[in-house]
file entry_23.cif (mmCIF, C-alpha atoms and all ligand atoms)
data_run
#
loop_
_atom_site.label_atom_id
_atom_site.label_comp_id
_atom_site.auth_asym_id
_atom_site.auth_seq_id
_atom_site.Cartn_x
_atom_site.Cartn_y
_atom_site.Cartn_z
CA VAL A 1 -25.29 -35.50 0.40
CA SER A 2 -24.30 -35.73 4.06
CA ALA A 3 -24.18 -32.65 6.25
CA ASP A 4 -20.40 -33.12 6.62
CA LEU A 5 -19.86 -33.00 2.87
CA LYS A 6 -22.05 -29.91 2.58
CA ASN A 7 -20.03 -28.14 5.27
CA ALA A 8 -16.80 -29.01 3.45
CA HIS A 9 -18.01 -26.86 0.54
CA ALA A 10 -19.50 -24.02 2.60
CA PRO A 11 -17.47 -20.79 2.34
CA ASN A 12 -15.24 -19.94 5.29
CA LEU A 13 -12.77 -17.15 5.98
CA ALA A 14 -9.71 -19.16 4.94
CA THR A 15 -11.14 -20.11 1.53
CA LEU A 16 -12.69 -16.66 0.92
CA GLY A 17 -9.50 -14.84 1.83
CA GLU A 18 -9.26 -11.15 2.67
CA PHE A 19 -10.43 -9.96 -0.76
CA GLY A 20 -13.30 -12.46 -0.98
CA LEU A 21 -14.50 -11.27 2.42
CA ILE A 22 -14.33 -7.62 1.32
CA ASP A 23 -16.40 -8.47 -1.79
CA ARG A 24 -18.97 -10.30 0.34
CA LEU A 25 -19.28 -7.45 2.86
CA SER A 26 -19.29 -4.64 0.30
CA ALA A 27 -22.02 -6.00 -2.01
CA ARG A 28 -24.81 -4.34 -0.04
CA CYS A 29 -22.86 -1.04 0.36
CA ARG A 30 -22.20 -0.70 -3.38
CA ALA A 31 -25.88 -1.17 -4.19
CA ALA A 32 -26.85 1.83 -2.05
CA TYR A 33 -24.23 4.47 -2.97
CA PRO A 34 -25.72 7.90 -3.71
CA PRO A 35 -24.25 9.78 -6.72
CA ARG A 36 -21.85 11.78 -4.52
CA VAL A 37 -19.87 8.57 -3.84
CA ARG A 38 -17.68 8.66 -6.93
CA CYS A 39 -15.64 5.68 -5.73
CA GLY A 40 -16.46 3.51 -2.71
CA ILE A 41 -14.97 0.31 -1.30
CA GLY A 42 -12.17 -1.13 -3.43
CA ASP A 43 -9.69 1.66 -4.14
CA ASP A 44 -6.87 3.16 -2.04
CA CYS A 45 -9.28 5.88 -0.88
CA ALA A 46 -13.00 6.52 -1.12
CA VAL A 47 -13.72 9.53 -3.39
CA ILE A 48 -16.61 11.78 -2.38
CA ALA A 49 -17.90 14.66 -4.53
CA LEU A 50 -18.46 17.99 -2.72
CA PRO A 51 -21.32 20.29 -3.77
CA HIS A 52 -20.22 23.40 -5.73
CA SER A 53 -16.54 22.40 -5.67
CA ASP A 54 -13.99 21.27 -8.24
CA GLU A 55 -12.33 19.24 -5.47
CA VAL A 56 -13.26 15.78 -4.15
CA LEU A 57 -12.81 14.50 -0.61
CA LEU A 58 -10.63 11.40 -0.05
CA TYR A 59 -11.00 9.00 2.90
CA THR A 60 -8.70 6.18 3.91
CA THR A 61 -8.17 4.11 7.05
CA ASP A 62 -5.65 1.53 8.25
CA LEU A 63 -5.38 -0.68 11.28
CA LEU A 64 -2.05 -1.69 12.86
CA VAL A 65 -2.27 -4.65 15.25
CA GLU A 66 0.58 -5.82 17.47
CA ARG A 67 1.88 -9.31 16.53
CA VAL A 68 0.06 -9.04 13.16
CA HIS A 69 1.67 -5.89 11.69
CA PHE A 70 4.51 -5.29 14.14
CA LEU A 71 6.32 -6.70 17.17
CA ARG A 72 6.72 -4.29 20.07
CA ASP A 73 10.41 -5.20 20.43
CA GLY A 74 10.96 -5.20 16.62
CA ILE A 75 10.21 -1.52 15.99
CA THR A 76 10.93 1.62 18.01
CA PRO A 77 7.85 3.47 19.24
CA ARG A 78 8.91 6.48 17.15
CA GLN A 79 9.06 4.29 14.03
CA LEU A 80 5.67 2.79 14.87
CA GLY A 81 4.02 6.21 15.09
CA HIS A 82 5.69 7.23 11.82
CA LYS A 83 4.65 4.06 10.00
CA ALA A 84 1.04 4.20 11.19
CA LEU A 85 0.60 7.60 9.52
CA ALA A 86 2.92 6.88 6.56
CA VAL A 87 0.81 3.97 5.28
CA ASN A 88 -2.31 6.18 5.30
CA LEU A 89 -0.47 9.08 3.62
CA SER A 90 0.61 6.60 0.94
CA ASP A 91 -3.05 5.82 0.14
CA ILE A 92 -3.74 9.56 -0.32
CA ALA A 93 -0.63 9.72 -2.56
CA ALA A 94 -2.03 6.82 -4.61
CA MET A 95 -5.00 9.01 -5.65
CA GLY A 96 -2.80 11.99 -6.58
CA GLY A 97 -4.21 13.71 -3.48
CA THR A 98 -3.09 16.09 -0.74
CA PRO A 99 -3.56 14.98 2.90
CA ARG A 100 -5.64 17.12 5.25
CA GLU A 101 -6.91 15.75 8.63
CA ALA A 102 -6.27 12.57 10.63
CA LEU A 103 -8.20 10.74 13.36
CA VAL A 104 -6.04 8.52 15.56
CA SER A 105 -7.37 5.77 17.85
CA LEU A 106 -5.31 3.73 20.30
CA ALA A 107 -6.12 0.55 22.25
CA ILE A 108 -3.49 0.42 24.99
CA PRO A 109 -2.66 -2.81 26.86
CA PRO A 110 -1.39 -2.88 30.46
CA GLY A 111 2.35 -2.44 30.92
CA ILE A 112 2.93 0.17 28.20
CA ALA A 113 5.14 2.95 29.56
CA LEU A 114 4.08 6.57 29.13
CA ALA A 115 7.51 7.19 27.55
CA PHE A 116 6.63 4.61 24.84
CA LEU A 117 3.43 6.48 23.97
CA ASP A 118 5.25 9.86 24.03
CA GLU A 119 7.78 8.52 21.52
CA LEU A 120 5.05 6.95 19.35
CA TRP A 121 3.26 10.29 19.29
CA ALA A 122 6.45 12.17 18.43
CA GLY A 123 7.03 9.89 15.42
CA LEU A 124 3.47 10.34 14.23
CA MET A 125 3.36 14.11 14.76
CA ASP A 126 6.76 14.74 13.11
CA LEU A 127 5.48 13.11 9.91
CA ALA A 128 2.09 14.88 10.23
CA ASP A 129 3.84 18.26 10.54
CA HIS A 130 6.08 17.47 7.58
CA HIS A 131 3.02 16.86 5.37
CA HIS A 132 0.85 19.65 6.86
CA THR A 133 -1.61 17.12 8.27
CA SER A 134 -3.62 17.93 11.42
CA VAL A 135 -4.70 15.36 13.99
CA VAL A 136 -8.26 16.47 14.84
CA GLY A 137 -9.67 13.58 16.88
CA GLY A 138 -9.74 9.88 17.65
CA ASP A 139 -10.41 7.54 20.53
CA THR A 140 -8.45 5.88 23.31
CA THR A 141 -9.33 2.68 25.12
CA SER A 142 -7.64 -0.10 27.04
CA SER A 143 -6.76 -3.45 25.51
CA LYS A 144 -6.29 -6.82 27.22
CA VAL A 145 -3.04 -7.87 25.53
CA ASP A 146 -2.08 -6.19 22.24
CA LEU A 147 -1.45 -2.60 21.21
CA VAL A 148 -3.75 -1.53 18.35
CA LEU A 149 -3.55 1.72 16.34
CA SER A 150 -6.28 2.80 13.95
CA LEU A 151 -5.81 5.81 11.69
CA THR A 152 -8.30 7.53 9.42
CA LEU A 153 -7.01 10.19 7.06
CA THR A 154 -8.79 12.62 4.80
CA GLY A 155 -7.38 14.39 1.77
CA VAL A 156 -8.42 16.36 -1.27
CA ALA A 157 -7.81 16.13 -5.01
CA LEU A 158 -9.09 17.90 -8.11
CA ALA A 159 -12.23 16.04 -9.24
CA ASN A 160 -11.01 15.74 -12.85
CA ARG A 161 -7.47 14.70 -11.83
CA VAL A 162 -8.07 12.02 -9.16
CA LEU A 163 -6.43 8.71 -10.14
CA LEU A 164 -8.38 5.47 -9.61
CA ARG A 165 -7.28 1.85 -10.02
CA SER A 166 -9.83 1.44 -12.82
CA GLY A 167 -8.41 3.85 -15.42
CA ALA A 168 -5.61 1.82 -17.07
CA LEU A 169 -5.72 1.68 -20.89
CA VAL A 170 -4.26 -0.93 -23.25
CA GLY A 171 -0.91 0.40 -24.51
CA ASP A 172 -0.15 2.34 -21.29
CA THR A 173 3.36 2.15 -19.88
CA ILE A 174 3.57 0.81 -16.29
CA PHE A 175 5.79 2.82 -13.91
CA VAL A 176 6.97 2.60 -10.30
CA SER A 177 8.18 5.64 -8.34
CA GLY A 178 11.14 3.98 -6.61
CA PRO A 179 13.01 0.75 -5.85
CA ILE A 180 10.87 -2.25 -4.89
CA GLY A 181 11.64 -5.27 -2.72
CA GLU A 182 13.81 -3.60 -0.07
CA SER A 183 11.03 -3.54 2.51
CA GLY A 184 10.28 -7.24 2.00
CA ALA A 185 13.98 -8.06 2.31
CA GLY A 186 14.17 -5.92 5.47
CA LEU A 187 11.26 -7.87 6.98
CA ASP A 188 12.96 -11.13 5.97
CA ALA A 189 16.15 -9.96 7.74
CA LEU A 190 14.16 -8.93 10.84
CA LEU A 191 12.32 -12.26 11.06
CA GLY A 192 15.56 -14.16 10.45
CA GLY A 193 17.35 -12.39 13.32
CA LYS A 194 19.76 -10.66 10.90
CA ALA A 195 18.50 -7.09 11.33
CA ALA A 196 21.86 -5.81 12.64
CA ASP A 197 23.60 -6.85 9.38
CA TRP A 198 21.11 -5.09 7.08
CA PRO A 199 20.18 -1.75 8.71
CA ALA A 200 19.31 0.07 5.45
CA LEU A 201 16.83 -2.63 4.36
CA VAL A 202 15.29 -2.88 7.83
CA ARG A 203 14.86 0.92 7.90
CA ARG A 204 13.01 0.72 4.55
CA HIS A 205 10.57 -1.69 6.21
CA LEU A 206 10.15 0.20 9.50
CA GLU A 207 10.25 3.81 8.20
CA PRO A 208 8.42 3.92 4.84
CA GLN A 209 8.31 7.34 3.16
CA PRO A 210 5.01 8.12 1.39
CA HIS A 211 5.50 9.35 -2.20
CA LEU A 212 3.12 12.32 -1.97
CA GLY A 213 5.14 14.69 -4.17
CA VAL A 214 5.32 12.43 -7.20
CA GLY A 215 1.70 11.33 -6.62
CA GLN A 216 0.45 14.92 -6.78
CA TRP A 217 2.63 15.59 -9.81
CA LEU A 218 1.17 12.51 -11.55
CA GLY A 219 -2.37 13.67 -10.82
CA GLN A 220 -1.71 17.17 -12.15
CA SER A 221 0.15 15.87 -15.23
CA GLY A 222 -3.07 14.64 -16.82
CA LEU A 223 -0.97 11.88 -18.45
CA ALA A 224 -1.46 9.14 -15.81
CA HIS A 225 -4.53 6.89 -16.08
CA ALA A 226 -4.48 4.55 -13.03
CA MET A 227 -2.55 4.39 -9.76
CA ILE A 228 -2.16 2.30 -6.58
CA ASP A 229 0.47 2.22 -3.84
CA VAL A 230 2.56 -0.92 -3.37
CA SER A 231 1.42 -2.30 -0.02
CA ASP A 232 0.54 -5.99 -0.49
CA GLY A 233 3.19 -6.82 -3.11
CA MET A 234 3.83 -5.39 -6.58
CA ALA A 235 2.28 -8.32 -8.49
CA GLN A 236 -0.86 -8.34 -6.35
CA ASP A 237 -1.24 -4.54 -6.44
CA LEU A 238 -0.78 -4.48 -10.25
CA GLY A 239 -3.35 -7.30 -10.36
CA HIS A 240 -5.85 -4.95 -8.64
CA ILE A 241 -5.32 -2.33 -11.38
CA CYS A 242 -5.74 -4.98 -14.10
CA GLU A 243 -8.92 -6.45 -12.57
CA GLN A 244 -10.55 -3.07 -12.02
CA SER A 245 -9.50 -1.73 -15.44
CA GLY A 246 -10.36 -4.92 -17.35
CA VAL A 247 -6.86 -5.16 -18.84
CA GLY A 248 -3.74 -7.35 -18.68
CA ALA A 249 -0.09 -6.54 -18.03
CA ARG A 250 3.40 -7.55 -19.09
CA LEU A 251 6.34 -6.69 -16.83
CA PHE A 252 9.97 -6.70 -18.02
CA ALA A 253 12.22 -8.58 -15.58
CA ASP A 254 15.35 -6.61 -16.51
CA ALA A 255 13.53 -3.27 -15.93
CA LEU A 256 12.58 -3.89 -12.28
CA PRO A 257 14.39 -1.31 -10.12
CA LEU A 258 16.37 -3.56 -7.74
CA SER A 259 18.75 -1.71 -5.42
CA PRO A 260 22.34 -2.98 -5.01
CA GLU A 261 21.59 -3.58 -1.31
CA LEU A 262 18.58 -5.79 -2.19
CA VAL A 263 20.66 -7.75 -4.71
CA ARG A 264 23.40 -8.27 -2.08
CA TYR A 265 20.82 -9.45 0.47
CA ALA A 266 19.12 -11.84 -1.96
CA ARG A 267 22.49 -13.33 -2.93
CA ALA A 268 23.40 -13.87 0.74
CA ALA A 269 20.00 -15.44 1.45
CA GLY A 270 20.08 -17.66 -1.66
CA ARG A 271 16.95 -15.99 -3.01
CA ASP A 272 15.96 -14.31 -6.28
CA PRO A 273 15.85 -10.51 -5.73
CA ALA A 274 12.91 -10.29 -8.16
CA ASP A 275 10.87 -12.42 -5.71
CA PHE A 276 11.19 -9.70 -3.07
CA ALA A 277 10.37 -7.04 -5.68
CA LEU A 278 7.27 -8.79 -7.05
CA PHE A 279 5.81 -10.40 -3.93
CA GLY A 280 7.43 -8.65 -0.93
CA GLY A 281 5.09 -5.73 -0.30
CA GLU A 282 5.12 -2.69 2.01
CA ASP A 283 7.35 -0.67 -0.33
CA TYR A 284 4.83 2.21 -0.35
CA VAL A 285 6.10 3.40 -3.72
CA LEU A 286 3.48 4.31 -6.32
CA LEU A 287 2.58 2.02 -9.21
CA CYS A 288 0.89 3.83 -12.11
CA THR A 289 0.01 3.45 -15.76
CA GLY A 290 -0.06 6.17 -18.38
CA ALA A 291 1.60 7.74 -21.40
CA ALA A 292 5.22 6.68 -22.05
CA GLU A 293 6.33 10.35 -21.97
CA LEU A 294 5.55 10.41 -18.21
CA GLY A 295 9.03 8.96 -17.57
CA PRO A 296 11.13 11.75 -19.14
CA ARG A 297 8.64 14.44 -18.03
CA ALA A 298 8.89 13.24 -14.41
CA ALA A 299 12.69 13.29 -14.60
CA ALA A 300 12.61 16.86 -15.92
CA ALA A 301 10.39 17.82 -12.96
CA GLY A 302 12.80 16.18 -10.48
CA HIS A 303 10.71 13.02 -9.84
CA THR A 304 11.63 9.37 -10.35
CA LEU A 305 9.42 7.11 -12.48
CA VAL A 306 10.85 3.83 -13.74
CA ALA A 307 9.11 2.14 -16.71
CA ILE A 308 8.72 -1.55 -15.83
CA GLY A 309 6.12 -2.87 -18.23
CA GLU A 310 3.12 -2.32 -20.47
CA VAL A 311 -0.65 -2.67 -20.19
CA THR A 312 -1.98 -5.37 -22.53
CA ALA A 313 -5.50 -6.47 -23.53
CA SER A 314 -5.32 -9.62 -21.39
CA GLY A 315 -2.93 -11.96 -19.54
CA PHE A 316 -0.54 -11.26 -16.67
CA CYS A 317 3.09 -12.12 -17.31
CA LEU A 318 6.75 -11.35 -16.73
CA ARG A 319 9.06 -11.18 -19.75
CA GLY A 320 12.48 -12.60 -18.90
CA PRO A 321 15.33 -14.26 -20.78
CA ASP A 322 13.05 -17.25 -21.56
CA GLY A 323 10.19 -15.15 -22.94
CA ASP A 324 6.84 -14.49 -21.26
CA VAL A 325 6.18 -16.42 -18.04
CA PRO A 326 2.77 -16.23 -16.31
CA LEU A 327 3.01 -14.07 -13.19
CA ARG A 328 1.35 -15.13 -9.96
CA GLN A 329 -0.92 -12.42 -8.50
CA ALA A 330 0.26 -13.53 -5.07
CA GLY A 331 0.93 -11.16 -2.21
CA PHE A 332 -0.03 -10.93 1.41
CA ASP A 333 -3.58 -11.91 2.35
CA HIS A 334 -4.45 -11.27 6.00
CA LEU A 335 -6.97 -14.10 6.19
CA ARG A 336 -4.95 -16.65 4.20
CA GLY A 337 -1.42 -15.67 5.25
CA ALA A 338 1.70 -15.21 3.13
CA PRO A 339 1.83 -16.63 -0.42
CA ALA A 340 2.99 -20.24 -0.73
MG MG A 401 -3.15 1.29 -0.95
#
call {"tool": "encode", "arguments": {"input": "entry_23.cif", "output": "structure tokens"}}
result
Amino acid sequence: VSADLKNAHAPNLATLGEFGLIDRLSARCRAAYPPRVRCGIGDDCAVIALPHSDEVLLYTTDLLVERVHFLRDGITPRQLGHKALAVNLSDIAAMGGTPREALVSLAIPPGIALAFLDELWAGLMDLADHHHTSVVGGDTTSSKVDLVLSLTLTGVALANRVLLRSGALVGDTIFVSGPIGESGAGLDALLGGKAADWPALVRRHLEPQPHLGVGQWLGQSGLAHAMIDVSDGMAQDLGHICEQSGVGARLFADALPLSPELVRYARAAGRDPADFALFGGEDYVLLCTGAAELGPRAAAAGHTLVAIGEVTASGFCLRGPDGDVPLRQAGFDHLRGAPA
């Protein structure tokens, strides 16, 4: 076998993809976790047991890189500050947790106006205040070209109520906590230069609202079994629950909560609205599995939970007018790019 042929089969970043890389890097970490690490790499947050406490500590972190996650002229600085914290708050929500403290780091390129940073900070701090989250540290540095924000957020949850991706049970109902696909359609409008025509969709993409209230309610209900927030795309995020729980799923096409605005946009763009809902991502609603009675109980408590499917023993499909169709687990992969 020639060296060239060998190299053709050697793993590289593009063939591994983002999730393959995470598996490769985390193998050594997982092997060395002490018992206090109740959940390490691979969930929305790490879950750490505290001595003599019925609460667990939650950790999450997210990186926002200019030209990868946002364009400086495609988002207002206030929206950027809001979104940077919102996506981390959403990961705390996905555990049924309550946010506590944030660390914020900034890499600032030349040419950024002080007024831009003031606005960014105002957007971040307004959302932090709203959710009683304190910024207690971070780091600042210069950058050669791009603006980079890194946030780390801690939270707490009751140890016996924290919701992992791995808890789904066969027979569970699958729920989402709000409409899906609007953010993906908003991004599509932004990239297509049609942002001015679709302000509500674009706002859903640029100003996501973390679903902390319903997340905490789900944790306390004792009736939910697994949860994740919809960041990479509904199909891919549900795929994570299925993989980690060792189960399958069937979604019902006519149950997907598609907003009238999304349906209008999809029609105008000649696209299927369900494509945005299943593969669009960045909705930051919660996707959970649990007892069917969660739906009516949530409604009675003033929360929205829409039943969209059921957990099965195996398989991954969408039931539409033509019966069950296999569902792609595609979504965004940072090292492979958008799904084909
Ligand atoms: Mg998440």
call {"tool": "residues_near_ligand", "arguments": {"input": "entry_23.cif", "ligand": "ligand MG 401 (chain A)", "cutoff": "9 Å", "atoms": "only C-alpha atoms and all ligand atoms", "output": "number ranges by chain"}}
result
A: 43-45, 60, 87-88, 90-94, 228-232, 237, 284
call {"tool": "write_last_selection", "arguments": {"input": "entry_23.cif", "atoms": "C-alpha atoms", "output": "PDB file, in the frame of the given file"}}
result
ATOM      1  CA  ASP A  43      -9.690   1.660  -4.140  1.00  0.00           C
ATOM      2  CA  ASP A  44      -6.870   3.160  -2.040  1.00  0.00           C
ATOM      3  CA  CYS A  45      -9.280   5.880  -0.880  1.00  0.00           C
ATOM      4  CA  THR A  60      -8.700   6.180   3.910  1.00  0.00           C
ATOM      5  CA  VAL A  87       0.810   3.970   5.280  1.00  0.00           C
ATOM      6  CA  ASN A  88      -2.310   6.180   5.300  1.00  0.00           C
ATOM      7  CA  SER A  90       0.610   6.600   0.940  1.00  0.00           C
ATOM      8  CA  ASP A  91      -3.050   5.820   0.140  1.00  0.00           C
ATOM      9  CA  ILE A  92      -3.740   9.560  -0.320  1.00  0.00           C
ATOM     10  CA  ALA A  93      -0.630   9.720  -2.560  1.00  0.00           C
ATOM     11  CA  ALA A  94      -2.030   6.820  -4.610  1.00  0.00           C
ATOM     12  CA  ILE A 228      -2.160   2.300  -6.580  1.00  0.00           C
ATOM     13  CA  ASP A 229       0.470   2.220  -3.840  1.00  0.00           C
ATOM     14  CA  VAL A 230       2.560  -0.920  -3.370  1.00  0.00           C
ATOM     15  CA  SER A 231       1.420  -2.300  -0.020  1.00  0.00           C
ATOM     16  CA  ASP A 232       0.540  -5.990  -0.490  1.00  0.00           C
ATOM     17  CA  ASP A 237      -1.240  -4.540  -6.440  1.00  0.00           C
ATOM     18  CA  TYR A 284       4.830   2.210  -0.350  1.00  0.00           C
TER      19      TYR A 284
END
call {"tool": "atom_distance", "arguments": {"input": "entry_23.cif", "atom1": "atom CA of A:Val37", "atom2": "atom CA of A:Asn160"}}
result
14.5 Å
call {"tool": "residues_near_point", "arguments": {"input": "entry_23.cif", "point": "(11.9, 6.4, -16.4)", "cutoff": "7 Å", "atoms": "all atoms listed in the file", "output": "VMD selection string"}}
result
chain A and resid 295 to 296 304 to 307
call {"tool": "closest_residue", "arguments": {"input": "entry_23.cif", "among": "A:Lys144, A:His225, A:Arg267, A:His130", "to": "A:Ala185", "atoms": "all atoms listed in the file"}}
result
A:Arg267
call {"tool": "closest_residue", "arguments": {"input": "entry_23.cif", "among": "A:His52, A:His303, A:Arg319, A:Arg328", "to": "A:Leu251", "atoms": "all atoms listed in the file"}}
result
A:Arg319
call {"tool": "residues_around", "arguments": {"input": "entry_23.cif", "residues": "A:Arg271", "least_positions_apart": "6", "cutoff": "12 Å", "atoms": "all atoms listed in the file", "output": "PyMOL selection string"}}
result
chain A and resi 181+185+188+262-265+277
call {"tool": "closest_residue", "arguments": {"input": "entry_23.cif", "among": "A:Thr312, A:Ser177, A:Gln216, A:Thr98", "to": "A:Val56", "atoms": "only C-alpha atoms"}}
result
A:Thr98
call {"tool": "atom_distance", "arguments": {"input": "entry_23.cif", "atom1": "atom CA of A:Gly17", "atom2": "atom CA of A:Gln329"}}
result
13.6 Å
call {"tool": "closest_residue", "arguments": {"input": "entry_23.cif", "among": "A:Asp172, A:Asp254, A:Asp126, A:Glu282", "to": "A:Val202", "atoms": "all atoms listed in the file"}}
result
A:Glu282
call {"tool": "closest_residue", "arguments": {"input": "entry_23.cif", "among": "A:Leu258, A:Val136, A:Ala268, A:Leu212", "to": "A:Lys194", "atoms": "all atoms listed in the file"}}
result
A:Ala268
call {"tool": "closest_residue", "arguments": {"input": "entry_23.cif", "among": "A:Leu256, A:Arg250, A:Thr289, A:Ala14", "to": "A:Cys317", "atoms": "all atoms listed in the file"}}
result
A:Arg250
call {"tool": "atom_distance", "arguments": {"input": "entry_23.cif", "atom1": "atom CA of A:Gly233", "atom2": "atom CA of A:Gly193"}}
result
22.4 Å
call {"tool": "residues_around", "arguments": {"input": "entry_23.cif", "residues": "A:Ser53", "least_positions_apart": "6", "cutoff": "12 Å", "atoms": "all atoms listed in the file", "output": "PyMOL selection string"}}
result
chain A and resi 36+156-160
call {"tool": "residues_around", "arguments": {"input": "entry_23.cif", "residues": "A:Leu169", "least_positions_apart": "3", "cutoff": "12 Å", "atoms": "all atoms listed in the file", "output": "PyMOL selection string"}}
result
chain A and resi 165-166+172-174+223-227+241-242+244-249+288-291+310-314
call {"tool": "write_last_selection", "arguments": {"input": "entry_23.cif", "atoms": "C-alpha atoms", "output": "short mmCIF file (atom, residue, chain, number, x, y, z; two decimals), keeping the file's coordinate frame"}}
result
data_model
loop_
_atom_site.label_atom_id
_atom_site.label_comp_id
_atom_site.auth_asym_id
_atom_site.auth_seq_id
_atom_site.Cartn_x
_atom_site.Cartn_y
_atom_site.Cartn_z
CA ARG A 165 -7.28 1.85 -10.02
CA SER A 166 -9.83 1.44 -12.82
CA ASP A 172 -0.15 2.34 -21.29
CA THR A 173 3.36 2.15 -19.88
CA ILE A 174 3.57 0.81 -16.29
CA LEU A 223 -0.97 11.88 -18.45
CA ALA A 224 -1.46 9.14 -15.81
CA HIS A 225 -4.53 6.89 -16.08
CA ALA A 226 -4.48 4.55 -13.03
CA MET A 227 -2.55 4.39 -9.76
CA ILE A 241 -5.32 -2.33 -11.38
CA CYS A 242 -5.74 -4.98 -14.10
CA GLN A 244 -10.55 -3.07 -12.02
CA SER A 245 -9.50 -1.73 -15.44
CA GLY A 246 -10.36 -4.92 -17.35
CA VAL A 247 -6.86 -5.16 -18.84
CA GLY A 248 -3.74 -7.35 -18.68
CA ALA A 249 -0.09 -6.54 -18.03
CA CYS A 288 0.89 3.83 -12.11
CA THR A 289 0.01 3.45 -15.76
CA GLY A 290 -0.06 6.17 -18.38
CA ALA A 291 1.60 7.74 -21.40
CA GLU A 310 3.12 -2.32 -20.47
CA VAL A 311 -0.65 -2.67 -20.19
CA THR A 312 -1.98 -5.37 -22.53
CA ALA A 313 -5.50 -6.47 -23.53
CA SER A 314 -5.32 -9.62 -21.39
#
call {"tool": "build_atoms", "arguments": {"input": "entry_23.cif", "residues": "stretch 232-237 of chain A", "atoms": "all heavy atoms", "output": "mmCIF file, in the frame of the given file"}}
result
data_model
loop_
_atom_site.group_PDB
_atom_site.id
_atom_site.type_symbol
_atom_site.label_atom_id
_atom_site.label_comp_id
_atom_site.auth_asym_id
_atom_site.auth_seq_id
_atom_site.Cartn_x
_atom_site.Cartn_y
_atom_site.Cartn_z
ATOM 1 N N ASP A 232 0.669 -4.538 -0.666
ATOM 2 C CA ASP A 232 0.540 -5.990 -0.490
ATOM 3 C C ASP A 232 1.594 -6.779 -1.263
ATOM 4 O O ASP A 232 1.790 -7.962 -1.015
ATOM 5 C CB ASP A 232 -0.852 -6.456 -0.953
ATOM 6 C CG ASP A 232 -1.960 -5.877 -0.097
ATOM 7 O OD1 ASP A 232 -1.678 -5.504 1.051
ATOM 8 O OD2 ASP A 232 -3.100 -5.791 -0.579
ATOM 9 N N GLY A 233 2.259 -6.150 -2.210
ATOM 10 C CA GLY A 233 3.190 -6.820 -3.110
ATOM 11 C C GLY A 233 2.906 -6.321 -4.518
ATOM 12 O O GLY A 233 1.756 -6.211 -4.913
ATOM 13 N N MET A 234 3.979 -6.036 -5.273
ATOM 14 C CA MET A 234 3.830 -5.390 -6.580
ATOM 15 C C MET A 234 2.904 -6.175 -7.504
ATOM 16 O O MET A 234 2.025 -5.611 -8.161
ATOM 17 C CB MET A 234 5.210 -5.257 -7.212
ATOM 18 C CG MET A 234 5.507 -3.892 -7.711
ATOM 19 S SD MET A 234 5.009 -3.703 -9.386
ATOM 20 C CE MET A 234 6.199 -4.788 -10.153
ATOM 21 N N ALA A 235 3.086 -7.511 -7.574
ATOM 22 C CA ALA A 235 2.280 -8.320 -8.490
ATOM 23 C C ALA A 235 0.804 -8.254 -8.098
ATOM 24 O O ALA A 235 -0.066 -8.094 -8.944
ATOM 25 C CB ALA A 235 2.774 -9.764 -8.494
ATOM 26 N N GLN A 236 0.533 -8.366 -6.804
ATOM 27 C CA GLN A 236 -0.860 -8.340 -6.350
ATOM 28 C C GLN A 236 -1.468 -6.953 -6.573
ATOM 29 O O GLN A 236 -2.617 -6.831 -7.003
ATOM 30 C CB GLN A 236 -0.929 -8.716 -4.878
ATOM 31 C CG GLN A 236 -2.344 -8.714 -4.342
ATOM 32 C CD GLN A 236 -2.477 -9.577 -3.090
ATOM 33 O OE1 GLN A 236 -2.194 -10.764 -3.100
ATOM 34 N NE2 GLN A 236 -2.882 -8.957 -2.005
ATOM 35 N N ASP A 237 -0.705 -5.896 -6.288
ATOM 36 C CA ASP A 237 -1.240 -4.540 -6.440
ATOM 37 C C ASP A 237 -1.467 -4.205 -7.921
ATOM 38 O O ASP A 237 -2.469 -3.584 -8.272
ATOM 39 C CB ASP A 237 -0.311 -3.528 -5.759
ATOM 40 C CG ASP A 237 -0.332 -3.699 -4.242
ATOM 41 O OD1 ASP A 237 -1.421 -3.911 -3.687
ATOM 42 O OD2 ASP A 237 0.730 -3.647 -3.606
#
